[in-house]
>>> print(open('target-v6.pdb').read())   # PDB, C-alpha atoms and all ligand atoms
ATOM      1  CA  MET A   1     174.272 164.888  57.990  1.00  0.00           C
ATOM      2  CA  ARG A   2     171.461 167.285  57.176  1.00  0.00           C
ATOM      3  CA  PRO A   3     167.879 165.928  57.335  1.00  0.00           C
ATOM      4  CA  LEU A   4     166.242 164.899  54.082  1.00  0.00           C
ATOM      5  CA  LEU A   5     163.787 167.592  52.923  1.00  0.00           C
ATOM      6  CA  LEU A   6     160.648 165.756  51.789  1.00  0.00           C
ATOM      7  CA  LEU A   7     158.488 167.642  49.274  1.00  0.00           C
ATOM      8  CA  PHE A   8     155.099 165.928  49.390  1.00  0.00           C
ATOM      9  CA  ASP A   9     152.505 166.338  46.673  1.00  0.00           C
ATOM     10  CA  ILE A  10     148.909 166.447  47.963  1.00  0.00           C
ATOM     11  CA  ASP A  11     146.317 165.109  45.500  1.00  0.00           C
ATOM     12  CA  GLY A  12     146.902 161.434  44.708  1.00  0.00           C
ATOM     13  CA  THR A  13     149.805 161.287  47.176  1.00  0.00           C
ATOM     14  CA  LEU A  14     148.767 162.441  50.674  1.00  0.00           C
ATOM     15  CA  LEU A  15     145.064 162.356  49.803  1.00  0.00           C
ATOM     16  CA  GLN A  16     142.991 160.344  47.356  1.00  0.00           C
ATOM     17  CA  ARG A  17     139.865 161.533  45.573  1.00  0.00           C
ATOM     18  CA  ALA A  18     139.789 164.688  47.694  1.00  0.00           C
ATOM     19  CA  SER A  19     139.809 167.188  44.846  1.00  0.00           C
ATOM     20  CA  VAL A  20     136.147 167.203  43.740  1.00  0.00           C
ATOM     21  CA  GLU A  21     135.229 170.330  45.737  1.00  0.00           C
ATOM     22  CA  HIS A  22     138.530 171.922  44.818  1.00  0.00           C
ATOM     23  CA  ALA A  23     137.870 171.467  41.090  1.00  0.00           C
ATOM     24  CA  GLN A  24     134.375 172.844  41.600  1.00  0.00           C
ATOM     25  CA  ALA A  25     135.784 175.902  43.413  1.00  0.00           C
ATOM     26  CA  LEU A  26     138.258 176.567  40.612  1.00  0.00           C
ATOM     27  CA  LEU A  27     135.592 176.302  37.897  1.00  0.00           C
ATOM     28  CA  GLU A  28     133.115 178.472  39.822  1.00  0.00           C
ATOM     29  CA  ALA A  29     135.770 181.109  40.411  1.00  0.00           C
ATOM     30  CA  ALA A  30     136.904 181.068  36.785  1.00  0.00           C
ATOM     31  CA  ALA A  31     133.337 181.600  35.556  1.00  0.00           C
ATOM     32  CA  GLN A  32     132.686 184.344  38.106  1.00  0.00           C
ATOM     33  CA  VAL A  33     135.895 186.302  37.545  1.00  0.00           C
ATOM     34  CA  HIS A  34     135.643 186.086  33.740  1.00  0.00           C
ATOM     35  CA  GLU A  35     131.856 186.632  33.617  1.00  0.00           C
ATOM     36  CA  LEU A  36     131.164 183.339  31.862  1.00  0.00           C
ATOM     37  CA  SER A  37     128.228 180.982  32.136  1.00  0.00           C
ATOM     38  CA  PRO A  38     128.970 177.956  34.359  1.00  0.00           C
ATOM     39  CA  LEU A  39     132.028 176.038  33.151  1.00  0.00           C
ATOM     40  CA  ALA A  40     132.088 172.307  32.772  1.00  0.00           C
ATOM     41  CA  ASP A  41     135.146 170.299  33.712  1.00  0.00           C
ATOM     42  CA  THR A  42     135.962 169.668  30.057  1.00  0.00           C
ATOM     43  CA  ALA A  43     138.698 167.428  28.818  1.00  0.00           C
ATOM     44  CA  VAL A  44     141.330 169.121  30.990  1.00  0.00           C
ATOM     45  CA  SER A  45     143.438 166.574  32.846  1.00  0.00           C
ATOM     46  CA  PRO A  46     144.342 168.082  36.227  1.00  0.00           C
ATOM     47  CA  ALA A  47     146.771 165.453  37.542  1.00  0.00           C
ATOM     48  CA  GLY A  48     150.101 166.985  38.471  1.00  0.00           C
ATOM     49  CA  ARG A  49     149.228 170.429  37.145  1.00  0.00           C
ATOM     50  CA  THR A  50     148.979 173.681  39.037  1.00  0.00           C
ATOM     51  CA  ASP A  51     145.614 175.300  39.689  1.00  0.00           C
ATOM     52  CA  LEU A  52     146.504 178.260  37.499  1.00  0.00           C
ATOM     53  CA  ALA A  53     147.630 176.026  34.626  1.00  0.00           C
ATOM     54  CA  ILE A  54     144.325 174.127  34.826  1.00  0.00           C
ATOM     55  CA  ALA A  55     142.361 177.375  34.929  1.00  0.00           C
ATOM     56  CA  ARG A  56     144.290 178.754  31.974  1.00  0.00           C
ATOM     57  CA  GLU A  57     143.427 175.757  29.827  1.00  0.00           C
ATOM     58  CA  VAL A  58     139.752 175.790  30.828  1.00  0.00           C
ATOM     59  CA  LEU A  59     139.517 179.531  30.140  1.00  0.00           C
ATOM     60  CA  ALA A  60     141.379 179.330  26.828  1.00  0.00           C
ATOM     61  CA  ARG A  61     138.947 176.623  25.692  1.00  0.00           C
ATOM     62  CA  ALA A  62     136.096 178.961  26.655  1.00  0.00           C
ATOM     63  CA  GLY A  63     137.628 181.603  24.389  1.00  0.00           C
ATOM     64  CA  VAL A  64     139.089 183.927  27.035  1.00  0.00           C
ATOM     65  CA  PRO A  65     142.145 185.782  25.654  1.00  0.00           C
ATOM     66  CA  ALA A  66     145.504 185.142  27.326  1.00  0.00           C
ATOM     67  CA  ALA A  67     145.932 188.801  28.283  1.00  0.00           C
ATOM     68  CA  GLN A  68     142.667 188.715  30.217  1.00  0.00           C
ATOM     69  CA  ILE A  69     143.602 185.443  31.921  1.00  0.00           C
ATOM     70  CA  ASP A  70     146.851 187.071  33.070  1.00  0.00           C
ATOM     71  CA  ALA A  71     145.199 190.326  34.169  1.00  0.00           C
ATOM     72  CA  ARG A  72     142.623 188.546  36.345  1.00  0.00           C
ATOM     73  CA  SER A  73     144.917 185.912  37.853  1.00  0.00           C
ATOM     74  CA  ALA A  74     144.992 187.475  41.329  1.00  0.00           C
ATOM     75  CA  ALA A  75     141.198 187.835  41.310  1.00  0.00           C
ATOM     76  CA  LEU A  76     140.831 184.223  40.209  1.00  0.00           C
ATOM     77  CA  GLN A  77     143.072 183.015  43.038  1.00  0.00           C
ATOM     78  CA  ALA A  78     141.120 185.004  45.635  1.00  0.00           C
ATOM     79  CA  ALA A  79     137.781 183.762  44.286  1.00  0.00           C
ATOM     80  CA  THR A  80     139.004 180.141  44.230  1.00  0.00           C
ATOM     81  CA  VAL A  81     140.140 180.326  47.848  1.00  0.00           C
ATOM     82  CA  ALA A  82     136.799 181.879  48.892  1.00  0.00           C
ATOM     83  CA  ALA A  83     134.817 179.235  47.013  1.00  0.00           C
ATOM     84  CA  TYR A  84     136.896 176.431  48.497  1.00  0.00           C
ATOM     85  CA  GLU A  85     136.394 177.785  52.019  1.00  0.00           C
ATOM     86  CA  ARG A  86     132.677 177.376  51.382  1.00  0.00           C
ATOM     87  CA  LEU A  87     132.873 174.004  49.611  1.00  0.00           C
ATOM     88  CA  CYS A  88     135.617 172.158  51.539  1.00  0.00           C
ATOM     89  CA  PRO A  89     134.145 169.217  53.477  1.00  0.00           C
ATOM     90  CA  PRO A  90     134.646 169.560  57.258  1.00  0.00           C
ATOM     91  CA  ASP A  91     136.444 166.221  57.514  1.00  0.00           C
ATOM     92  CA  LEU A  92     138.702 164.805  54.806  1.00  0.00           C
ATOM     93  CA  SER A  93     140.519 162.354  57.079  1.00  0.00           C
ATOM     94  CA  ALA A  94     138.908 159.395  55.320  1.00  0.00           C
ATOM     95  CA  LYS A  95     140.612 160.568  52.117  1.00  0.00           C
ATOM     96  CA  LEU A  96     144.147 160.117  53.451  1.00  0.00           C
ATOM     97  CA  ALA A  97     146.009 157.536  51.396  1.00  0.00           C
ATOM     98  CA  PRO A  98     146.269 154.187  53.241  1.00  0.00           C
ATOM     99  CA  GLY A  99     149.173 154.272  55.681  1.00  0.00           C
ATOM    100  CA  MET A 100     149.912 157.945  55.048  1.00  0.00           C
ATOM    101  CA  ALA A 101     148.862 159.248  58.485  1.00  0.00           C
ATOM    102  CA  GLU A 102     151.185 156.700  60.113  1.00  0.00           C
ATOM    103  CA  LEU A 103     154.033 157.504  57.714  1.00  0.00           C
ATOM    104  CA  LEU A 104     153.774 161.239  58.448  1.00  0.00           C
ATOM    105  CA  GLU A 105     153.785 160.538  62.202  1.00  0.00           C
ATOM    106  CA  ALA A 106     156.834 158.310  61.900  1.00  0.00           C
ATOM    107  CA  LEU A 107     158.759 160.805  59.760  1.00  0.00           C
ATOM    108  CA  SER A 108     157.811 163.821  61.889  1.00  0.00           C
ATOM    109  CA  ALA A 109     159.031 162.006  64.997  1.00  0.00           C
ATOM    110  CA  ARG A 110     162.566 161.961  63.541  1.00  0.00           C
ATOM    111  CA  PRO A 111     163.467 165.605  62.817  1.00  0.00           C
ATOM    112  CA  GLN A 112     167.164 164.759  62.767  1.00  0.00           C
ATOM    113  CA  SER A 113     166.521 162.598  59.688  1.00  0.00           C
ATOM    114  CA  PHE A 114     163.516 164.156  57.976  1.00  0.00           C
ATOM    115  CA  ARG A 115     162.065 167.594  57.375  1.00  0.00           C
ATOM    116  CA  LEU A 116     158.514 167.494  56.011  1.00  0.00           C
ATOM    117  CA  SER A 117     157.374 170.022  53.431  1.00  0.00           C
ATOM    118  CA  LEU A 118     154.959 170.376  50.519  1.00  0.00           C
ATOM    119  CA  LEU A 119     155.154 170.708  46.762  1.00  0.00           C
ATOM    120  CA  THR A 120     151.708 170.983  45.235  1.00  0.00           C
ATOM    121  CA  GLY A 121     149.851 172.603  42.371  1.00  0.00           C
ATOM    122  CA  ASN A 122     147.138 173.654  44.837  1.00  0.00           C
ATOM    123  CA  LEU A 123     146.981 177.333  45.732  1.00  0.00           C
ATOM    124  CA  GLU A 124     148.548 177.633  49.195  1.00  0.00           C
ATOM    125  CA  ALA A 125     145.355 178.565  51.043  1.00  0.00           C
ATOM    126  CA  VAL A 126     143.512 175.677  49.385  1.00  0.00           C
ATOM    127  CA  ALA A 127     146.338 173.258  50.209  1.00  0.00           C
ATOM    128  CA  ARG A 128     146.450 174.237  53.870  1.00  0.00           C
ATOM    129  CA  ARG A 129     142.659 174.140  54.214  1.00  0.00           C
ATOM    130  CA  LYS A 130     142.578 170.674  52.635  1.00  0.00           C
ATOM    131  CA  LEU A 131     145.316 169.321  54.926  1.00  0.00           C
ATOM    132  CA  ALA A 132     143.638 170.839  57.984  1.00  0.00           C
ATOM    133  CA  ALA A 133     140.397 169.060  57.063  1.00  0.00           C
ATOM    134  CA  ALA A 134     142.378 165.832  56.711  1.00  0.00           C
ATOM    135  CA  GLY A 135     143.975 166.320  60.147  1.00  0.00           C
ATOM    136  CA  VAL A 136     147.594 166.385  58.938  1.00  0.00           C
ATOM    137  CA  ALA A 137     148.279 170.129  58.611  1.00  0.00           C
ATOM    138  CA  HIS A 138     150.432 170.114  61.761  1.00  0.00           C
ATOM    139  CA  HIS A 139     153.139 168.161  59.941  1.00  0.00           C
ATOM    140  CA  PHE A 140     153.738 171.034  57.504  1.00  0.00           C
ATOM    141  CA  ALA A 141     155.114 174.309  58.877  1.00  0.00           C
ATOM    142  CA  ASP A 142     153.790 177.668  57.767  1.00  0.00           C
ATOM    143  CA  GLY A 143     156.171 179.603  55.568  1.00  0.00           C
ATOM    144  CA  GLN A 144     157.522 176.378  54.038  1.00  0.00           C
ATOM    145  CA  GLY A 145     156.765 174.453  50.849  1.00  0.00           C
ATOM    146  CA  ALA A 146     155.842 175.506  47.314  1.00  0.00           C
ATOM    147  CA  PHE A 147     152.358 175.897  45.901  1.00  0.00           C
ATOM    148  CA  GLY A 148     150.356 176.592  42.772  1.00  0.00           C
ATOM    149  CA  SER A 149     150.125 180.180  43.960  1.00  0.00           C
ATOM    150  CA  ASP A 150     153.926 180.509  43.644  1.00  0.00           C
ATOM    151  CA  ALA A 151     154.206 179.615  39.950  1.00  0.00           C
ATOM    152  CA  GLU A 152     152.010 178.339  37.143  1.00  0.00           C
ATOM    153  CA  SER A 153     154.665 175.820  36.077  1.00  0.00           C
ATOM    154  CA  ARG A 154     155.257 172.976  38.500  1.00  0.00           C
ATOM    155  CA  ASP A 155     158.859 172.798  37.312  1.00  0.00           C
ATOM    156  CA  GLU A 156     159.589 176.067  39.132  1.00  0.00           C
ATOM    157  CA  LEU A 157     158.281 174.829  42.474  1.00  0.00           C
ATOM    158  CA  PRO A 158     161.128 172.647  43.826  1.00  0.00           C
ATOM    159  CA  ALA A 159     163.521 175.610  43.850  1.00  0.00           C
ATOM    160  CA  VAL A 160     160.903 177.698  45.682  1.00  0.00           C
ATOM    161  CA  ALA A 161     160.549 175.033  48.380  1.00  0.00           C
ATOM    162  CA  ARG A 162     164.315 174.679  48.787  1.00  0.00           C
ATOM    163  CA  ALA A 163     164.708 178.470  49.030  1.00  0.00           C
ATOM    164  CA  ARG A 164     162.013 178.676  51.735  1.00  0.00           C
ATOM    165  CA  ALA A 165     163.854 175.991  53.684  1.00  0.00           C
ATOM    166  CA  GLY A 166     166.879 178.305  53.728  1.00  0.00           C
ATOM    167  CA  GLY A 167     168.604 177.160  50.543  1.00  0.00           C
ATOM    168  CA  TRP A 168     168.324 173.428  51.159  1.00  0.00           C
ATOM    169  CA  PRO A 169     170.814 171.425  49.062  1.00  0.00           C
ATOM    170  CA  ARG A 170     169.555 169.415  46.106  1.00  0.00           C
ATOM    171  CA  SER A 171     171.371 166.291  47.315  1.00  0.00           C
ATOM    172  CA  ARG A 172     169.282 166.287  50.518  1.00  0.00           C
ATOM    173  CA  THR A 173     165.910 167.026  48.897  1.00  0.00           C
ATOM    174  CA  VAL A 174     163.363 164.519  47.587  1.00  0.00           C
ATOM    175  CA  VAL A 175     160.117 165.014  45.670  1.00  0.00           C
ATOM    176  CA  ILE A 176     157.277 162.576  46.488  1.00  0.00           C
ATOM    177  CA  GLY A 177     154.388 162.492  44.035  1.00  0.00           C
ATOM    178  CA  ASP A 178     151.979 160.428  41.987  1.00  0.00           C
ATOM    179  CA  THR A 179     152.293 161.675  38.388  1.00  0.00           C
ATOM    180  CA  PRO A 180     154.871 162.007  35.604  1.00  0.00           C
ATOM    181  CA  ARG A 181     154.668 165.786  36.203  1.00  0.00           C
ATOM    182  CA  ASP A 182     156.013 165.269  39.726  1.00  0.00           C
ATOM    183  CA  ILE A 183     158.934 163.342  38.246  1.00  0.00           C
ATOM    184  CA  ASP A 184     159.510 166.054  35.628  1.00  0.00           C
ATOM    185  CA  CYS A 185     159.558 168.870  38.198  1.00  0.00           C
ATOM    186  CA  ALA A 186     162.093 166.979  40.305  1.00  0.00           C
ATOM    187  CA  ARG A 187     164.345 166.485  37.276  1.00  0.00           C
ATOM    188  CA  ALA A 188     163.969 170.166  36.328  1.00  0.00           C
ATOM    189  CA  ASP A 189     165.672 171.013  39.637  1.00  0.00           C
ATOM    190  CA  GLY A 190     168.052 168.044  39.676  1.00  0.00           C
ATOM    191  CA  LEU A 191     166.310 166.245  42.547  1.00  0.00           C
ATOM    192  CA  ARG A 192     165.593 162.660  43.449  1.00  0.00           C
ATOM    193  CA  VAL A 193     161.989 161.571  43.261  1.00  0.00           C
ATOM    194  CA  ALA A 194     159.945 158.783  44.801  1.00  0.00           C
ATOM    195  CA  ALA A 195     156.686 158.013  43.015  1.00  0.00           C
ATOM    196  CA  VAL A 196     153.612 156.431  44.583  1.00  0.00           C
ATOM    197  CA  ALA A 197     151.030 154.738  42.388  1.00  0.00           C
ATOM    198  CA  THR A 198     148.137 155.934  44.565  1.00  0.00           C
ATOM    199  CA  GLY A 199     146.837 158.460  42.051  1.00  0.00           C
ATOM    200  CA  PRO A 200     145.633 158.041  38.464  1.00  0.00           C
ATOM    201  CA  TYR A 201     148.891 156.515  37.151  1.00  0.00           C
ATOM    202  CA  PRO A 202     149.928 152.853  37.447  1.00  0.00           C
ATOM    203  CA  LEU A 203     153.421 151.809  38.552  1.00  0.00           C
ATOM    204  CA  GLU A 204     154.695 151.382  34.997  1.00  0.00           C
ATOM    205  CA  ALA A 205     153.788 154.957  34.057  1.00  0.00           C
ATOM    206  CA  LEU A 206     156.058 156.200  36.868  1.00  0.00           C
ATOM    207  CA  ALA A 207     159.100 154.090  36.034  1.00  0.00           C
ATOM    208  CA  ASP A 208     161.316 157.153  35.436  1.00  0.00           C
ATOM    209  CA  ALA A 209     161.345 157.929  39.171  1.00  0.00           C
ATOM    210  CA  ASP A 210     164.298 156.851  41.344  1.00  0.00           C
ATOM    211  CA  ALA A 211     161.881 154.666  43.276  1.00  0.00           C
ATOM    212  CA  VAL A 212     158.303 153.641  42.529  1.00  0.00           C
ATOM    213  CA  VAL A 213     156.064 152.087  45.162  1.00  0.00           C
ATOM    214  CA  ASP A 214     152.431 151.067  45.432  1.00  0.00           C
ATOM    215  CA  GLY A 215     151.665 153.006  48.603  1.00  0.00           C
ATOM    216  CA  ALA A 216     152.748 154.989  51.643  1.00  0.00           C
ATOM    217  CA  ARG A 217     153.888 151.968  53.658  1.00  0.00           C
ATOM    218  CA  ALA A 218     156.478 151.060  51.056  1.00  0.00           C
ATOM    219  CA  LEU A 219     157.852 154.609  51.039  1.00  0.00           C
ATOM    220  CA  GLN A 220     159.344 154.544  54.511  1.00  0.00           C
ATOM    221  CA  PRO A 221     162.244 152.130  53.901  1.00  0.00           C
ATOM    222  CA  ILE A 222     163.239 154.043  50.761  1.00  0.00           C
ATOM    223  CA  LEU A 223     163.236 157.374  52.559  1.00  0.00           C
ATOM    224  CA  GLU A 224     165.184 155.850  55.461  1.00  0.00           C
ATOM    225  CA  ASP A 225     167.739 154.582  52.999  1.00  0.00           C
ATOM    226  CA  TRP A 226     168.091 157.957  51.281  1.00  0.00           C
ATOM    227  CA  ALA A 227     168.198 159.830  54.605  1.00  0.00           C
ATOM    228  CA  SER A 228     171.105 157.667  55.720  1.00  0.00           C
ATOM    229  CA  GLY A 229     173.085 158.836  52.718  1.00  0.00           C
ATOM    230  CA  ALA A 230     172.516 156.130  50.131  1.00  0.00           C
ATOM    231  CA  SER A 231     172.639 157.473  46.585  1.00  0.00           C
ATOM    232  CA  ALA A 232     169.878 157.243  44.022  1.00  0.00           C
ATOM    233  CA  GLY A 233     169.338 153.728  42.753  1.00  0.00           C
TER     234      GLY A 233
HETATM  235 MG    MG B   1     149.261 164.573  42.606  1.00  0.00          MG
END
>>> encode(input="target-v6.pdb", output="structure tokens")
Amino acid sequence: MRPLLLLFDIDGTLLQRASVEHAQALLEAAAQVHELSPLADTAVSPAGRTDLAIAREVLARAGVPAAQIDARSAALQAATVAAYERLCPPDLSAKLAPGMAELLEALSARPQSFRLSLLTGNLEAVARRKLAAAGVAHHFADGQGAFGSDAESRDELPAVARARAGGWPRSRTVVIGDTPRDIDCARADGLRVAAVATGPYPLEALADADAVVDGARALQPILEDWASGASAG
């Protein structure tokens, strides 16, 4: 049987409270590229959303027309990556979710059962920088995964990640995330999803997932079960 392709979310799933500098980079870049005075992190809720979707809402609230947001999207992405390079803390390893480093090691050691990949709203360069600072980048191959730089809608990302894996089948692909938006994007592509309540949402808010757990340690038996061919429960 084919390995199970695991599409890990980053913020709230692999890492906790590691997005402060990232949010700052996005806001700085948005203000710079659109020639605005410094932007505050208004009432925009970032959990589960892509960087470009967050930026669009912040900019729309600041009165920037949609056509201008679209026209400067590439510039905004480049400026965000540059700002994050400057702002990213040198060591984010303390921000790994409890048990996550061990889970990634255990899964990576079994390539016949698991193939590790990413599905995140972070721009790719930001995602890879963040994971490098956390010391877990080696688990996630270049050229694989799906990122906020691939699409503004998270719902489009699972298909991107499966395509990059060489057309991985839906039945052998799992989304792992911490928000209802992770669950929604999995359903949009017809995938199973395991939710971890290590981000801003409690267990009961994630009940629509195929499995909901309180942390990384509880994920392993579920993934083992699914890798061995058990159907969604
Ligand atoms: Mg998340």
>>> residues_around(input="target-v6.pdb", residues="His34 of chain A", least_positions_apart="5", cutoff="12 Å", atoms="all atoms listed in the file", output="mmCIF file with C-alpha atoms, keeping the file's coordinate frame")
data_model
loop_
_atom_site.group_PDB
_atom_site.id
_atom_site.type_symbol
_atom_site.label_atom_id
_atom_site.label_comp_id
_atom_site.auth_asym_id
_atom_site.auth_seq_id
_atom_site.Cartn_x
_atom_site.Cartn_y
_atom_site.Cartn_z
ATOM 1 C CA LEU A 27 135.592 176.302 37.897
ATOM 2 C CA GLU A 28 133.115 178.472 39.822
ATOM 3 C CA ALA A 29 135.770 181.109 40.411
ATOM 4 C CA LEU A 39 132.028 176.038 33.151
ATOM 5 C CA ALA A 55 142.361 177.375 34.929
ATOM 6 C CA ARG A 56 144.290 178.754 31.974
ATOM 7 C CA VAL A 58 139.752 175.790 30.828
ATOM 8 C CA LEU A 59 139.517 179.531 30.140
ATOM 9 C CA ALA A 60 141.379 179.330 26.828
ATOM 10 C CA ALA A 62 136.096 178.961 26.655
ATOM 11 C CA GLY A 63 137.628 181.603 24.389
ATOM 12 C CA VAL A 64 139.089 183.927 27.035
ATOM 13 C CA PRO A 65 142.145 185.782 25.654
ATOM 14 C CA ALA A 66 145.504 185.142 27.326
ATOM 15 C CA ALA A 67 145.932 188.801 28.283
ATOM 16 C CA GLN A 68 142.667 188.715 30.217
ATOM 17 C CA ILE A 69 143.602 185.443 31.921
ATOM 18 C CA ASP A 70 146.851 187.071 33.070
ATOM 19 C CA ALA A 71 145.199 190.326 34.169
ATOM 20 C CA ARG A 72 142.623 188.546 36.345
ATOM 21 C CA SER A 73 144.917 185.912 37.853
ATOM 22 C CA ALA A 75 141.198 187.835 41.310
ATOM 23 C CA LEU A 76 140.831 184.223 40.209
ATOM 24 C CA ALA A 79 137.781 183.762 44.286
#
>>> atom_distance(input="target-v6.pdb", atom1="atom CA of Asp142 of chain A", atom2="atom CA of Thr13 of chain A")
19.9 Å
>>> residues_near_ligand(input="target-v6.pdb", ligand="ligand MG 1 (chain B)", cutoff="9 Å", atoms="all atoms listed in the file", output="list of chain:residue names")
A:Asp9, A:Ile10, A:Asp11, A:Gly12, A:Thr13, A:Leu14, A:Leu15, A:Gln16, A:Pro46, A:Ala47, A:Gly48, A:Arg49, A:Thr120, A:Gly121, A:Gly177, A:Asp178, A:Thr179, A:Arg181, A:Asp182, A:Thr198, A:Gly199, A:Pro200
>>> residues_near_point(input="target-v6.pdb", point="(161.9, 160.6, 51.5)", cutoff="12 Å", atoms="only C-alpha atoms", output="PyMOL selection string")
chain A and resi 3-8+103-104+106-108+113-117+171-177+191-196+210-212+216-230+232
>>> resolve_selection(input="target-v6.pdb", expression="the PyMOL selection byres (((chain A and resi 152) around 9) and not hetatm)", output="list in words")
Arg49, Thr50, Asp51, Leu52, Ala53, Gly121, Gly148, Ser149, Asp150, Ala151, Ser153, Arg154, Asp155, Glu156 and Leu157 of chain A
>>> closest_residue(input="target-v6.pdb", among="A:Pro158, A:Pro169, A:Gly99, A:Gly143", to="Arg2 of chain A", atoms="all atoms listed in the file")
A:Pro169
>>> closest_residue(input="target-v6.pdb", among="A:His138, A:Arg128, A:Arg110, A:His22", to="Cys88 of chain A", atoms="all atoms listed in the file")
A:His22
>>> atom_distance(input="target-v6.pdb", atom1="atom CA of Ala159 of chain A", atom2="atom CA of Ala18 of chain A")
26.4 Å
>>> resolve_selection(input="target-v6.pdb", expression="the PyMOL selection byres (((chain A and resi 87) around 12) and not hetatm)", output="ChimeraX atom specification")
/A:18-26,28-29,80-86,88-91,126,129-130,133
>>> residues_around(input="target-v6.pdb", residues="Glu105 of chain A", least_positions_apart="5", cutoff="10 Å", atoms="all atoms listed in the file", output="MDAnalysis selection string")
chainID A and resid 100 110 136 139
>>> write_last_selection(input="target-v6.pdb", atoms="C-alpha atoms", output="PDB file, in the frame of the given file")
ATOM      1  CA  MET A 100     149.912 157.945  55.048  1.00  0.00           C
ATOM      2  CA  ARG A 110     162.566 161.961  63.541  1.00  0.00           C
ATOM      3  CA  VAL A 136     147.594 166.385  58.938  1.00  0.00           C
ATOM      4  CA  HIS A 139     153.139 168.161  59.941  1.00  0.00           C
TER       5      HIS A 139
END
>>> atom_distance(input="target-v6.pdb", atom1="atom CA of Leu206 of chain A", atom2="atom CA of Ile183 of chain A")
7.8 Å
>>> decode(input="target-v6.pdb", residues="segment 178-218 of chain A", atoms="C-alpha atoms", output="mmCIF file, in the first residue's frame")
data_model
loop_
_atom_site.group_PDB
_atom_site.id
_atom_site.type_symbol
_atom_site.label_atom_id
_atom_site.label_comp_id
_atom_site.auth_asym_id
_atom_site.auth_seq_id
_atom_site.Cartn_x
_atom_site.Cartn_y
_atom_site.Cartn_z
ATOM 1 C CA ASP A 178 -5.836 23.244 14.093
ATOM 2 C CA THR A 179 -8.765 25.280 12.718
ATOM 3 C CA PRO A 180 -12.169 24.798 11.080
ATOM 4 C CA ARG A 181 -10.558 26.191 7.895
ATOM 5 C CA ASP A 182 -8.191 23.211 7.826
ATOM 6 C CA ILE A 183 -11.206 20.909 8.045
ATOM 7 C CA ASP A 184 -13.000 22.853 5.299
ATOM 8 C CA CYS A 185 -10.035 22.692 2.907
ATOM 9 C CA ALA A 186 -9.760 18.935 3.412
ATOM 10 C CA ARG A 187 -13.462 18.492 2.645
ATOM 11 C CA ALA A 188 -13.150 20.739 -0.427
ATOM 12 C CA ASP A 189 -10.755 18.142 -1.871
ATOM 13 C CA GLY A 190 -12.501 15.086 -0.423
ATOM 14 C CA LEU A 191 -9.759 14.286 2.097
ATOM 15 C CA ARG A 192 -9.631 12.942 5.612
ATOM 16 C CA VAL A 193 -8.586 15.369 8.300
ATOM 17 C CA ALA A 194 -7.138 15.055 11.783
ATOM 18 C CA ALA A 195 -7.542 18.133 13.967
ATOM 19 C CA VAL A 196 -5.322 19.088 16.894
ATOM 20 C CA ALA A 197 -6.608 21.473 19.543
ATOM 21 C CA THR A 198 -3.193 23.113 19.975
ATOM 22 C CA GLY A 199 -4.167 26.376 18.303
ATOM 23 C CA PRO A 200 -6.897 28.900 19.119
ATOM 24 C CA TYR A 201 -9.800 26.418 18.831
ATOM 25 C CA PRO A 202 -10.949 23.990 21.543
ATOM 26 C CA LEU A 203 -11.718 20.332 20.808
ATOM 27 C CA GLU A 204 -15.453 20.927 20.435
ATOM 28 C CA ALA A 205 -14.942 23.538 17.713
ATOM 29 C CA LEU A 206 -13.109 20.909 15.631
ATOM 30 C CA ALA A 207 -15.661 18.121 15.975
ATOM 31 C CA ASP A 208 -16.287 17.949 12.204
ATOM 32 C CA ALA A 209 -12.844 16.403 11.647
ATOM 33 C CA ASP A 210 -12.469 12.621 11.243
ATOM 34 C CA ALA A 211 -10.366 12.647 14.392
ATOM 35 C CA VAL A 212 -9.800 15.355 16.991
ATOM 36 C CA VAL A 213 -6.994 15.154 19.529
ATOM 37 C CA ASP A 214 -5.521 17.407 22.188
ATOM 38 C CA GLY A 215 -1.928 17.222 20.978
ATOM 39 C CA ALA A 216 0.794 15.694 18.832
ATOM 40 C CA ARG A 217 1.268 12.600 20.996
ATOM 41 C CA ALA A 218 -2.314 11.518 20.443
#
